[in-house]
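Below you'll find the structure, written out as structure tokens, and then a few comments.
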Amino acid sequence: MSLLLLLAACLLTCLGQIAQKYAVESWRESDSSLTGKLRSPWLWLALFALGSGLLVWLLVLQRLEVGIAYPMLSLNFVLITLIARFVFREPIDSRHWIGVALVIGGVVLLGQQS
């Protein structure tokens with residue numbers, strides 16, 4: 001159950017980050033006033049996802065040691081990098097991919113402790 005909650009916190013946080021990206025992209029194309037920005041459904045999705053992710057994260061912290069749980073959120077770097085590359089078509093250099101591989105390796109090592 002703890003790992004499912006951790007995965008949910010990770011996915012909600014990633015969803016929030018993606019929604020933030022879409023929100024700011026939509027602001028470039030439309031009304032840039034504060035009222036116009038507040039009408040963005042992407043902004044509200046981001047706030048909902050990040051808020052929900054925070055609540056799930058609190059449940060995770062009730063069940064896992066922070067020294068184990070927190071590094072697992074590093075998987076967000078991996079997921080966001082993949083989304084940046086394949087959804088937003090952003091260029092990712094080789095150093096970044098090496099960093100992603102190191103993060104995955106670190107998560108695997110830490111996951112073996114629990």
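Labels used: A, B, ... for chains in the order of the structure tokens, numbers from 1 for residues in each chain, and numbers from 1 for ligands as shown.
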Excluding same-chain residues fewer than 3 positions from Gln62 (chain A), what lies within 12 Å of it counting only C-alpha atoms, as a PDB file with C-alpha atoms, in the first residue's frame?
```pdb
ATOM      1  CA  MET A   1       0.000   0.000   0.000  1.00  0.00           C
ATOM      2  CA  SER A   2       2.839   2.391   0.845  1.00  0.00           C
ATOM      3  CA  LEU A   5       0.707   5.795  -2.341  1.00  0.00           C
ATOM      4  CA  LEU A   6       4.267   6.777  -3.222  1.00  0.00           C
ATOM      5  CA  LEU A  55      -2.087  15.153   0.637  1.00  0.00           C
ATOM      6  CA  VAL A  56      -1.021  11.745  -0.684  1.00  0.00           C
ATOM      7  CA  TRP A  57       2.578  12.584   0.216  1.00  0.00           C
ATOM      8  CA  LEU A  58       1.497  13.183   3.813  1.00  0.00           C
ATOM      9  CA  LEU A  59      -0.010   9.680   3.833  1.00  0.00           C
ATOM     10  CA  GLU A  65      10.714   6.688   6.637  1.00  0.00           C
ATOM     11  CA  VAL A  66      11.440  10.026   5.007  1.00  0.00           C
ATOM     12  CA  ALA A  69      10.341   7.943   0.677  1.00  0.00           C
TER      13      ALA A  69
END
```
Name all residues at most 8 Å from region 74-83 of chain A (count only C-alpha atoms; drop same-chain ones fewer than 6 positions away) and give them as an MDAnalysis selection string. chainID A and resid 10:11 13:14 18 92 100 103:104 107
May I have all residues of chain A that DSSP, computed from the backbone, assigns to alpha helix (DSSP H), given as a PyMOL selection string? chain A and resi 2-29+34-38+41-63+66-72+75-86+94-111
Between A:Met72, A:Gly105, A:Glu90, A:Gly99, which has the minimum distance to Leu3 (chain A) (counting only C-alpha atoms)?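 Of all the options, A:Met72 lies closest to Leu3 (chain A).
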Atomic distance CA of Leu43 (chain A) - CA of Ala23 (chain A), expressed in Å with one decimal: 5.4 Å
Give me the residues near Lys37 (chain A) as a PDB file with C-alpha atoms, in the first residue's frame, where near means some atom within 9 Å (using only C-alpha atoms) and where sequence neighbours in that chain fewer than 6 positions away do not count.
```pdb
ATOM      1  CA  ALA A  23      -0.847  26.688 -18.430  1.00  0.00           C
ATOM      2  CA  VAL A  24       2.104  28.936 -19.198  1.00  0.00           C
ATOM      3  CA  SER A  26      -1.607  28.803 -23.082  1.00  0.00           C
ATOM      4  CA  TRP A  27      -0.862  32.201 -21.548  1.00  0.00           C
ATOM      5  CA  SER A  30      -4.244  34.335 -25.071  1.00  0.00           C
ATOM      6  CA  ASP A  31      -5.203  37.085 -22.683  1.00  0.00           C
ATOM      7  CA  LEU A  43      -3.753  26.249 -13.956  1.00  0.00           C
TER       8      LEU A  43
END
```
